[in-house]
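Working notes, structure below.
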Amino acid sequence: MTTFDLNFAADHFTLFGLPQVQALDQESLDNAFRAVQSRVHPDKHAHASEADQRLAMQWATRINEAYQTLKSPGRRARYLLQLLGHDARIESNTAMPAEFLMSQMELREAVEEARSAADEDALDAVRGRLLDEIKADYERLAGLIDVTRDLDAAADLVRQLMFQEKLLNEVDDALEAVTA
């Protein structure tokens, strides 16, 4: 096997020799990434022809992009849905269950109050709750994609997770501001 005998057009999972599943083992992904990256890393090709050096740069970029997509459960889910031919309607479908939206509004208000009061403990509590919800939703998402193949429900959950992840970033920003 030569260094560049990989298929540049292959999907991300195939590049790493991994199954197309949401419940991807992180350690397997990390090991596969390191193995492929070691073959294509530009430093390994520093004394090669200019064409091979350019090719190594293209491969390194491709491998890094694939890894970044697969290591994030949310990005991986969106990518898997796309591979499975299912449009998650990220941009066009903004409908969310009322209960979910109310919960998000309550959490946002709690974050704002805690930030205004410089209450690190309250922010930590909201962060912990969000992390628990996100973890449970990622497990549910794996079942929807890998087991039941309920891609409509998976797409709905992906959109909800995007809201939750955005709120988690806001909590992290608030924590940073409070502890600075």
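Ordering of the structure tokens sets the chain letters (A, B, ...); residue numbers start at 1 within each chain; ligands are numbered from 1 in the order shown.
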Segment 26-115 of chain A residues near segment 150-162 of chain A within 7 Å, closest pair each, using only C-alpha atoms, as a tab-separated table:
residue	atom	partner	partner_atom	distance
A:Gly74	CA	A:Val158	CA	6.6
A:His86	CA	A:Leu151	CA	6.9
A:Ala88	CA	A:Ala155	CA	4.7
A:Ile90	CA	A:Arg159	CA	6.4
Members of segment 80-173 of chain A assigned helix (DSSP H, G or I) by DSSP, as number ranges by chain
A: 80-83, 98-116, 120-147, 151-173
Report as a compact mmCIF listing (two decimals) with C-alpha atoms, in the first residue's frame all protein, DNA and RNA residues lying within 12 Å of Gln26 of chain A, evaluated on only C-alpha atoms, omitting residues in the same chain fewer than 5 positions from it.
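The new file part-v9.txt reads:
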# COMPACT_ATOMS: atom_id res chain seq x y z
CA LEU A 18 -14.77 2.54 10.30
CA VAL A 21 -22.59 4.44 12.68
CA ASN A 31 -6.34 5.33 16.42
CA ALA A 32 -7.50 5.26 12.80
CA PHE A 33 -6.89 9.01 12.48
CA TYR A 67 -11.66 13.59 11.74
CA GLN A 68 -13.17 16.86 13.02
CA LEU A 70 -16.54 12.35 13.00
CA LYS A 71 -15.24 13.23 16.46
CA SER A 72 -18.16 15.61 17.12
CA PRO A 73 -21.37 13.63 17.74
CA ARG A 76 -21.21 13.17 12.79
Give me, as a PyMOL selection string, all polymer residues having an atom no more than 9 Å from Gln22 of chain A, counting only C-alpha atoms and skipping those fewer than 3 positions away in the same chain.
chain A and resi 70+73+76-77+80+138+141-143+145-146
Could you state the separation of atom CA of Asn169 of chain A and atom CA of Leu130 of chain A in Å, given to one decimal place?
10.5 Å
